[in-house]
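Engineer: Contents are CSV, C-alpha atoms (C1' of nucleotides); file name work_12.csv:
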```
chain,number,residue,atom,x,y,z
A,11,MET,CA,0.9,-4.4,-25.9
A,12,ALA,CA,2.2,-3.2,-29.3
A,13,GLY,CA,1.1,0.3,-30.1
A,14,MET,CA,-0.4,0.8,-26.7
A,15,MET,CA,0.3,4.0,-24.9
A,16,LYS,CA,1.2,3.9,-21.2
A,17,ALA,CA,-1.8,6.0,-20.2
A,18,GLU,CA,-4.1,3.4,-21.8
A,19,TRP,CA,-3.1,0.3,-19.8
A,20,LEU,CA,-2.8,2.4,-16.7
A,21,ALA,CA,-6.5,3.2,-17.3
A,22,LEU,CA,-7.4,-0.4,-17.5
A,23,GLY,CA,-8.1,-0.6,-13.8
A,24,ASP,CA,-7.9,-4.3,-12.7
A,25,ALA,CA,-6.0,-5.0,-15.9
A,26,CYS,CA,-3.2,-2.7,-14.9
A,27,PRO,CA,-0.1,-4.7,-13.8
A,28,VAL,CA,1.0,-1.9,-11.5
A,29,ARG,CA,-2.3,-2.0,-9.6
A,30,LEU,CA,-2.1,-5.8,-9.7
A,31,LEU,CA,1.2,-5.9,-7.8
A,32,LEU,CA,0.2,-3.1,-5.4
A,33,ASP,CA,-3.0,-5.1,-4.6
A,34,ARG,CA,-0.8,-8.1,-3.7
A,35,ILE,CA,2.3,-6.7,-2.0
A,36,GLY,CA,1.3,-3.1,-1.4
A,37,ASP,CA,-0.1,-3.8,2.0
A,38,ARG,CA,1.5,-3.0,5.3
A,39,TRP,CA,3.5,-6.2,5.7
A,40,SER,CA,4.1,-8.2,2.5
A,41,VAL,CA,7.3,-6.5,1.5
A,42,LEU,CA,8.7,-6.9,5.0
A,43,VAL,CA,7.9,-10.6,5.1
A,44,LEU,CA,9.4,-11.1,1.6
A,45,THR,CA,12.5,-9.3,2.7
A,46,GLU,CA,12.8,-11.6,5.7
A,47,LEU,CA,12.5,-14.6,3.5
A,48,ASP,CA,15.1,-13.4,1.0
A,49,PRO,CA,18.1,-14.9,2.8
A,50,GLY,CA,16.4,-18.3,3.0
A,51,VAL,CA,13.8,-20.5,4.7
A,52,ARG,CA,12.2,-19.3,7.9
A,53,ARG,CA,9.7,-20.7,10.2
A,54,PHE,CA,6.6,-19.0,11.6
A,55,SER,CA,8.0,-18.1,15.0
A,56,GLU,CA,11.3,-16.8,13.5
A,57,LEU,CA,9.3,-14.4,11.3
A,58,ARG,CA,7.3,-13.2,14.4
A,59,ARG,CA,10.6,-12.4,16.2
A,60,SER,CA,12.1,-10.7,13.1
A,61,ILE,CA,9.0,-8.5,12.7
A,62,PRO,CA,8.1,-7.8,16.3
A,63,ASP,CA,5.3,-5.3,15.6
A,64,ILE,CA,3.3,-7.5,13.4
A,65,SER,CA,0.3,-9.2,15.0
A,66,GLN,CA,0.0,-13.0,14.8
A,67,ARG,CA,-3.2,-12.6,12.8
A,68,MET,CA,-1.6,-10.3,10.2
A,69,LEU,CA,1.5,-12.5,9.9
A,70,THR,CA,-0.7,-15.6,9.1
A,71,GLN,CA,-2.8,-13.6,6.8
A,72,THR,CA,0.1,-12.1,4.9
A,73,LEU,CA,1.8,-15.5,4.6
A,74,ARG,CA,-1.4,-17.0,3.2
A,75,SER,CA,-1.8,-14.2,0.7
A,76,LEU,CA,1.8,-14.5,-0.5
A,77,GLU,CA,1.4,-18.2,-0.8
A,78,THR,CA,-1.9,-17.8,-2.7
A,79,ASP,CA,-0.1,-15.5,-5.1
A,80,GLY,CA,2.7,-17.9,-5.6
A,81,PHE,CA,5.5,-15.8,-4.1
A,82,ILE,CA,6.2,-18.2,-1.2
A,83,SER,CA,5.8,-21.8,-0.4
A,84,ARG,CA,4.6,-23.3,2.9
A,85,THR,CA,5.8,-26.6,4.2
A,86,VAL,CA,4.1,-28.3,7.2
A,87,PHE,CA,6.1,-30.8,9.3
A,88,PRO,CA,3.6,-33.1,11.1
A,89,THR,CA,5.6,-33.1,14.3
A,90,VAL,CA,4.6,-32.2,17.8
A,91,PRO,CA,4.8,-29.4,18.4
A,92,PRO,CA,4.0,-28.5,14.8
A,93,ARG,CA,6.6,-26.7,12.6
A,94,VAL,CA,5.9,-24.8,9.4
A,95,ASP,CA,8.6,-23.5,7.0
A,96,TYR,CA,8.2,-20.6,4.6
A,97,GLU,CA,10.4,-20.0,1.6
A,98,LEU,CA,10.5,-17.9,-1.5
A,99,THR,CA,9.4,-19.6,-4.7
A,100,ASP,CA,11.2,-19.1,-8.0
A,101,LEU,CA,8.6,-16.4,-8.7
A,102,GLY,CA,9.3,-14.8,-5.3
A,103,ARG,CA,13.0,-14.9,-5.8
A,104,SER,CA,12.5,-13.4,-9.3
A,105,LEU,CA,10.5,-10.5,-7.7
A,106,MET,CA,13.1,-9.9,-5.1
A,107,VAL,CA,15.6,-8.8,-7.8
A,108,PRO,CA,13.8,-5.5,-8.9
A,109,LEU,CA,12.3,-5.2,-5.4
A,110,GLY,CA,15.8,-5.4,-3.9
A,111,GLY,CA,16.8,-2.6,-6.3
A,112,LEU,CA,14.0,-0.4,-4.9
A,113,ILE,CA,14.9,-1.3,-1.3
A,114,ASP,CA,18.6,-0.4,-2.0
A,115,TRP,CA,17.5,2.9,-3.4
A,116,VAL,CA,15.5,3.6,-0.3
A,117,LYS,CA,18.3,2.8,2.0
A,118,ALA,CA,20.8,4.8,-0.1
A,119,ASN,CA,18.4,7.8,-0.2
A,120,ASP,CA,16.9,7.5,3.2
A,121,ALA,CA,18.4,10.7,4.5
A,122,THR,CA,17.5,12.6,1.4
A,123,VAL,CA,13.9,11.4,1.4
A,124,ARG,CA,13.5,12.4,5.0
A,125,GLY,CA,15.2,15.7,4.4
A,126,ALA,CA,13.1,16.4,1.3
A,127,ARG,CA,10.0,16.8,3.4
A,128,ARG,CA,8.8,20.3,3.2
A,129,GLN,CA,5.8,22.5,3.0
A,130,PRO,CA,3.6,22.0,-0.1
A,131,THR,CA,3.1,25.1,-2.2
A,132,THR,CA,-0.5,25.3,-1.1
A,133,MET,CA,-1.8,24.7,2.4
A,134,PRO,CA,-5.5,24.2,3.1
A,135,GLY,CA,-7.1,27.5,3.6
A,136,GLU,CA,-4.2,29.4,2.1
A,137,PRO,CA,-4.5,31.1,-1.3
A,138,ALA,CA,-2.1,29.5,-3.7
A,139,SER,CA,-1.0,33.0,-4.8
A,140,SER,CA,0.8,33.6,-1.5
A,141,ARG,CA,3.6,31.2,-2.2
A,142,PRO,CA,6.8,31.1,-4.2
A,143,THR,CA,6.8,28.2,-6.8
A,144,MET,CA,5.2,30.4,-9.3
A,145,ALA,CA,5.8,30.8,-13.0
A,146,ALA,CA,5.2,33.7,-15.3
A,147,ALA,CA,2.0,33.5,-17.4
A,148,GLY,CA,2.6,32.1,-20.9
B,3,MET,CA,24.5,0.8,9.4
B,4,ALA,CA,27.8,-1.1,9.7
B,5,GLY,CA,27.4,-4.4,11.6
B,6,MET,CA,23.6,-4.1,11.5
B,7,MET,CA,21.6,-7.2,10.6
B,8,LYS,CA,18.7,-6.8,8.3
B,9,ALA,CA,16.2,-8.1,10.8
B,10,GLU,CA,17.3,-5.3,13.2
B,11,TRP,CA,16.5,-2.3,11.1
B,12,LEU,CA,13.4,-4.0,9.8
B,13,ALA,CA,12.4,-4.0,13.5
B,14,LEU,CA,13.0,-0.3,13.9
B,15,GLY,CA,9.4,0.6,12.9
B,16,ASP,CA,9.4,4.2,11.8
B,17,ALA,CA,13.1,4.0,11.2
B,18,CYS,CA,12.8,1.2,8.7
B,19,PRO,CA,13.4,2.6,5.2
B,20,VAL,CA,11.1,0.0,3.6
B,21,ARG,CA,8.2,1.1,5.8
B,22,LEU,CA,9.2,4.7,5.1
B,23,LEU,CA,8.8,4.2,1.3
B,24,LEU,CA,5.6,2.2,1.7
B,25,ASP,CA,4.1,4.9,3.8
B,26,ARG,CA,4.9,7.4,1.0
B,27,ILE,CA,4.2,5.6,-2.2
B,28,GLY,CA,2.6,2.4,-1.0
B,29,ASP,CA,-0.9,3.8,-1.3
B,30,ARG,CA,-3.4,3.3,-4.0
B,31,TRP,CA,-2.4,6.0,-6.4
B,32,SER,CA,1.1,7.4,-5.9
B,33,VAL,CA,3.0,4.9,-8.2
B,34,LEU,CA,0.4,5.5,-10.9
B,35,VAL,CA,0.8,9.3,-10.7
B,36,LEU,CA,4.6,9.0,-10.6
B,37,THR,CA,4.4,6.8,-13.7
B,38,GLU,CA,2.3,9.3,-15.5
B,39,LEU,CA,4.7,12.1,-14.7
B,40,ASP,CA,7.7,10.0,-15.8
B,41,PRO,CA,7.6,11.0,-19.5
B,42,GLY,CA,7.4,14.7,-18.5
B,43,VAL,CA,5.4,17.6,-17.2
B,44,ARG,CA,1.6,17.1,-16.9
B,45,ARG,CA,-1.1,19.4,-15.8
B,46,PHE,CA,-3.9,18.5,-13.3
B,47,SER,CA,-6.6,17.9,-15.9
B,48,GLU,CA,-4.3,15.7,-18.0
B,49,LEU,CA,-3.6,13.5,-15.0
B,50,ARG,CA,-7.3,13.2,-14.3
B,51,ARG,CA,-7.9,12.0,-17.8
B,52,SER,CA,-4.9,9.6,-17.7
B,53,ILE,CA,-6.2,8.0,-14.5
B,54,PRO,CA,-10.0,8.0,-15.0
B,55,ASP,CA,-10.8,6.0,-11.9
B,56,ILE,CA,-9.1,8.4,-9.5
B,57,SER,CA,-11.4,10.9,-7.7
B,58,GLN,CA,-10.5,14.5,-7.8
B,59,ARG,CA,-10.0,14.5,-4.1
B,60,MET,CA,-7.5,11.7,-4.2
B,61,LEU,CA,-5.6,13.1,-7.1
B,62,THR,CA,-5.1,16.4,-5.2
B,63,GLN,CA,-4.2,14.6,-2.0
B,64,THR,CA,-1.7,12.3,-3.8
B,65,LEU,CA,-0.1,15.2,-5.6
B,66,ARG,CA,0.2,17.1,-2.4
B,67,SER,CA,1.8,14.1,-0.6
B,68,LEU,CA,4.3,13.5,-3.4
B,69,GLU,CA,5.1,17.2,-3.4
B,70,THR,CA,5.6,17.3,0.3
B,71,ASP,CA,7.9,14.3,0.1
B,72,GLY,CA,9.9,16.0,-2.6
B,73,PHE,CA,9.2,13.6,-5.5
B,74,ILE,CA,7.3,16.1,-7.6
B,75,SER,CA,7.2,19.9,-8.1
B,76,ARG,CA,4.1,22.0,-8.5
B,77,THR,CA,4.0,25.1,-10.6
B,78,VAL,CA,1.1,27.5,-10.5
B,79,PHE,CA,0.4,29.8,-13.5
B,80,PRO,CA,-1.6,32.8,-12.3
B,81,THR,CA,-3.7,32.8,-15.5
B,82,VAL,CA,-7.5,32.6,-15.9
B,83,PRO,CA,-8.6,29.9,-15.9
B,84,PRO,CA,-5.8,28.7,-13.6
B,85,ARG,CA,-3.2,26.2,-14.8
B,86,VAL,CA,-1.0,24.0,-12.6
B,87,ASP,CA,1.9,21.9,-13.9
B,88,TYR,CA,3.3,18.9,-12.1
B,89,GLU,CA,6.7,17.5,-12.8
B,90,LEU,CA,9.2,15.0,-11.3
B,91,THR,CA,12.0,16.5,-9.2
B,92,ASP,CA,15.5,15.1,-9.4
B,93,LEU,CA,14.7,12.9,-6.4
B,94,GLY,CA,11.5,11.7,-8.2
B,95,ARG,CA,13.4,10.9,-11.4
B,96,SER,CA,16.0,9.1,-9.3
B,97,LEU,CA,13.3,7.0,-7.7
B,98,MET,CA,11.8,6.1,-11.1
B,99,VAL,CA,14.9,4.2,-12.0
B,100,PRO,CA,14.5,1.3,-9.5
B,101,LEU,CA,10.7,1.8,-9.6
B,102,GLY,CA,10.8,1.4,-13.3
B,103,GLY,CA,12.7,-1.9,-12.9
B,104,LEU,CA,9.9,-3.1,-10.7
B,105,ILE,CA,7.2,-2.0,-13.1
B,106,ASP,CA,9.1,-3.7,-16.0
B,107,TRP,CA,9.2,-6.9,-13.9
B,108,VAL,CA,5.4,-6.7,-13.3
B,109,LYS,CA,4.7,-6.2,-17.0
B,110,ALA,CA,7.0,-9.0,-18.0
B,111,ASN,CA,5.6,-11.4,-15.4
B,112,ASP,CA,2.0,-10.3,-15.6
B,113,ALA,CA,0.7,-13.5,-17.0
B,114,THR,CA,2.8,-15.6,-14.6
B,115,VAL,CA,1.6,-13.6,-11.5
B,116,ARG,CA,-2.0,-14.0,-12.6
B,117,GLY,CA,-1.5,-17.7,-13.3
B,118,ALA,CA,0.4,-18.3,-10.1
B,119,ARG,CA,-2.8,-17.8,-8.1
B,120,ARG,CA,-3.8,-21.1,-6.4
B,121,GLN,CA,-5.3,-22.6,-3.3
B,122,PRO,CA,-3.2,-22.1,-0.2
B,123,THR,CA,-2.1,-25.3,1.5
B,124,THR,CA,-4.5,-24.6,4.3
B,125,MET,CA,-8.0,-23.3,4.0
B,126,PRO,CA,-10.0,-21.9,6.9
B,127,GLY,CA,-11.8,-24.7,8.7
B,128,GLU,CA,-9.8,-27.4,7.0
B,129,PRO,CA,-7.2,-29.4,8.8
B,130,ALA,CA,-3.7,-28.8,7.4
B,131,SER,CA,-3.1,-32.6,7.3
B,132,SER,CA,-5.6,-33.0,4.4
B,133,ARG,CA,-3.3,-31.4,1.9
B,134,PRO,CA,-0.2,-32.2,-0.1
B,135,THR,CA,2.7,-29.7,0.5
B,136,MET,CA,3.9,-32.0,3.3
B,137,ALA,CA,7.4,-32.9,4.5
B,138,ALA,CA,8.6,-35.9,6.3
B,139,ALA,CA,9.2,-35.4,10.0
B,140,GLY,CA,12.9,-34.7,10.9
C,6,DC,C1',4.2,-23.9,18.1
C,7,DT,C1',1.1,-22.5,14.7
C,8,DG,C1',-2.5,-21.2,14.0
C,9,DT,C1',-8.5,-19.6,14.1
C,10,DA,C1',-12.4,-16.9,15.5
C,11,DT,C1',-14.5,-12.7,16.9
C,12,DC,C1',-15.0,-8.1,17.9
C,13,DC,C1',-14.0,-3.4,16.9
C,14,DG,C1',-11.6,1.2,16.0
C,15,DC,C1',-9.8,4.0,12.8
C,16,DG,C1',-8.5,6.0,8.7
C,17,DA,C1',-8.1,5.6,3.5
C,18,DG,C1',-10.7,6.8,0.0
C,19,DG,C1',-15.3,7.6,-2.8
C,20,DA,C1',-19.4,10.8,-3.7
C,21,DT,C1',-21.1,15.1,-3.9
C,22,DA,C1',-21.5,20.0,-3.5
C,23,DC,C1',-19.3,24.3,-3.7
C,24,DT,C1',-15.5,28.1,-4.9
C,25,DG,C1',-11.8,31.5,-6.7
D,6,DC,C1',-9.6,24.8,-14.5
D,7,DA,C1',-8.1,23.4,-10.2
D,8,DG,C1',-9.1,22.8,-6.4
D,9,DT,C1',-11.9,22.7,-0.9
D,10,DA,C1',-15.3,21.1,2.3
D,11,DT,C1',-18.2,17.6,4.1
D,12,DC,C1',-20.2,13.3,4.8
D,13,DC,C1',-20.0,8.4,4.8
D,14,DT,C1',-18.7,3.7,3.8
D,15,DC,C1',-15.7,-0.1,3.9
D,16,DG,C1',-12.2,-3.0,5.1
D,17,DC,C1',-7.4,-3.1,7.0
D,18,DG,C1',-5.4,-4.4,10.8
D,19,DG,C1',-5.0,-4.5,16.2
D,20,DA,C1',-6.5,-7.0,20.5
D,21,DT,C1',-8.0,-10.8,22.6
D,22,DA,C1',-9.6,-15.4,23.4
D,23,DC,C1',-9.5,-20.1,22.1
D,24,DA,C1',-7.7,-24.6,19.7
D,25,DG,C1',-5.1,-28.7,17.6
```
Here is a file; write its structure as structure tokens.
Structural biologist:
Amino acid sequence: MAGMMKAEWLALGDACPVRLLLDRIGDRWSVLVLTELDPGVRRFSELRRSIPDISQRMLTQTLRSLETDGFISRTVFPTVPPRVDYELTDLGRSLMVPLGGLIDWVKANDATVRGARRQPTTMPGEPASSRPTMAAAG
Amino acid sequence: MAGMMKAEWLALGDACPVRLLLDRIGDRWSVLVLTELDPGVRRFSELRRSIPDISQRMLTQTLRSLETDGFISRTVFPTVPPRVDYELTDLGRSLMVPLGGLIDWVKANDATVRGARRQPTTMPGEPASSRPTMAAAG
DNA sequence: CTGTATCCGCGAGGATACTG
DNA sequence: CAGTATCCTCGCGGATACAG
């Protein structure tokens, strides 16, 4: 990437690493599941209880996706009733380092983020000139 | 949050900070726009050129959302033709620290992430017992 | 217990045309 | 230049039923 401006690789579409990650863990449940697996191995039913509002279908689908992408491993115990363990891979644990940093930021700034919510300078149907965040013409 | 287990606040739904952030910047374009604004102030048309595959509608919508959430500021110059500057707020710059860590990880592990893609242990229609990642019964 | 299969609603987001 | 307004598609994800 030597000599490559940021705007350039951002413009690469599928080749953009940021988009790549967002496509993998930017969905509704992946980060939640990864966070649940951070402390250690969990089985399917434990994950269901930990994330009550996820549907069975989406939990399975999310786990398959994370497994396909190499972030978690899946271990089947051929017992009856069946048992399946899920665990972060080395890649998954590696990801949890910066991801944990982001999560920590969110927890630390939770109140601030909620409080920061305000009216945008322009509302639909309203002329932009009727609002404050204005600068003098150059 | 003293004495509160992770699984508990994860289960809080709307009260979960992780979900809160994902709802705000977990969409297709927010992180890209934030990254473009990281070096400094940018105007609307510059952002469009920097992110060619974003539609005008989505750029506007993403900018409004980020502004509403307090991550960026919007400054209108009442000139003709009009000019609008976008810039990270203190909150936005604060967010870019851990977010930058994640982006750095993605860039550093780009090849690994792409290479990690493999077959899941179970494919639809295939019995789980026909695949390797198996453990001995307890 | 750990899934699969099927149906379906809803909303994110693209395309296009128009405006101050 | 910097948006709005409108229409429309597509697929995420919920609900439900069934299976090994």
Engineer: Please tabulate, as a tab-separated table, the residues of chain B that come within 10 Å of chain C, each with its closest pair of atoms and the distance in Å to one decimal, counting all atoms listed in the file and ordering rows by chain, then residue number upward.
Structural biologist:
```
residue	atom	partner	partner_atom	distance
B:Asp29	CA	C:DA17	C1'	8.8
B:Arg30	CA	C:DG18	C1'	9.0
B:Ile56	CA	C:DG19	C1'	9.2
B:Ser57	CA	C:DG19	C1'	7.1
B:Gln58	CA	C:DG19	C1'	9.8
B:Arg59	CA	C:DG18	C1'	8.8
B:Met60	CA	C:DG18	C1'	7.2
B:Pro83	CA	C:DG25	C1'	9.9
B:Pro84	CA	C:DG25	C1'	9.6
B:Pro126	CA	C:DT9	C1'	7.7
B:Gly127	CA	C:DT9	C1'	8.1
```
Engineer: What are the residues of chain D lining chain A at 8 Å or less? Count all atoms listed in the file, and put the answer as a PyMOL selection string.
Structural biologist: chain D and resi 9+18-19
Engineer: Next, write the just-selected residues to a file, as a short mmCIF file (atom, residue, chain, number, x, y, z; two decimals), in the frame of the given file, keeping C-alpha atoms (C1' of nucleotides) as the atom set.
Structural biologist:
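Written out: selection_15.cif:
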```
data_model
loop_
_atom_site.label_atom_id
_atom_site.label_comp_id
_atom_site.auth_asym_id
_atom_site.auth_seq_id
_atom_site.Cartn_x
_atom_site.Cartn_y
_atom_site.Cartn_z
"C1'" DT D 9 -11.90 22.70 -0.90
"C1'" DG D 18 -5.40 -4.40 10.80
"C1'" DG D 19 -5.00 -4.50 16.20
#
```
Engineer: May I ask for the distance between atom CA of B:Asp112 and atom CA of A:Arg84, given in Å to one decimal place?
Structural biologist: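 That distance, rounded to one decimal, is 22.8 Å.
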Engineer: Using all atoms listed in the file and a cut-off of 7 Å, which residues of chain B sit close to chain A? Please list them as a compact mmCIF listing (two decimals) with C-alpha atoms, in the frame of the given file.
Structural biologist:
```txt
# COMPACT_ATOMS: atom_id res chain seq x y z
CA ALA B 9 16.20 -8.10 10.80
CA LEU B 12 13.40 -4.00 9.80
CA ALA B 13 12.40 -4.00 13.50
CA PRO B 19 13.40 2.60 5.20
CA VAL B 20 11.10 0.00 3.60
CA LEU B 23 8.80 4.20 1.30
CA GLY B 28 2.60 2.40 -1.00
CA SER B 52 -4.90 9.60 -17.70
CA ILE B 53 -6.20 8.00 -14.50
CA PRO B 54 -10.00 8.00 -15.00
CA ARG B 66 0.20 17.10 -2.40
CA GLU B 69 5.10 17.20 -3.40
CA THR B 70 5.60 17.30 0.30
CA ASP B 71 7.90 14.30 0.10
CA GLY B 72 9.90 16.00 -2.60
CA ARG B 76 4.10 22.00 -8.50
CA THR B 77 4.00 25.10 -10.60
CA VAL B 78 1.10 27.50 -10.50
CA PHE B 79 0.40 29.80 -13.50
CA PRO B 80 -1.60 32.80 -12.30
CA THR B 81 -3.70 32.80 -15.50
CA PRO B 100 14.50 1.30 -9.50
CA LEU B 101 10.70 1.80 -9.60
CA GLY B 103 12.70 -1.90 -12.90
CA LEU B 104 9.90 -3.10 -10.70
CA ILE B 105 7.20 -2.00 -13.10
CA TRP B 107 9.20 -6.90 -13.90
CA VAL B 108 5.40 -6.70 -13.30
CA LYS B 109 4.70 -6.20 -17.00
CA ASP B 112 2.00 -10.30 -15.60
CA VAL B 115 1.60 -13.60 -11.50
CA ALA B 118 0.40 -18.30 -10.10
CA ARG B 119 -2.80 -17.80 -8.10
CA ARG B 120 -3.80 -21.10 -6.40
CA GLN B 121 -5.30 -22.60 -3.30
CA PRO B 122 -3.20 -22.10 -0.20
CA THR B 135 2.70 -29.70 0.50
CA MET B 136 3.90 -32.00 3.30
CA ALA B 137 7.40 -32.90 4.50
CA ALA B 138 8.60 -35.90 6.30
CA ALA B 139 9.20 -35.40 10.00
```
Engineer: May I ask for the distance between atom CA of B:Ile74 and atom CA of B:Thr91, given in Å to one decimal place?
Structural biologist: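 Interatomic distance here is 5.0 Å.
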Engineer: Atom CA of B:Leu39 and atom CA of B:Gln63 are how many Å apart?
Structural biologist: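 Pair atom CA of B:Leu39 / atom CA of B:Gln63 returns 15.7 Å.
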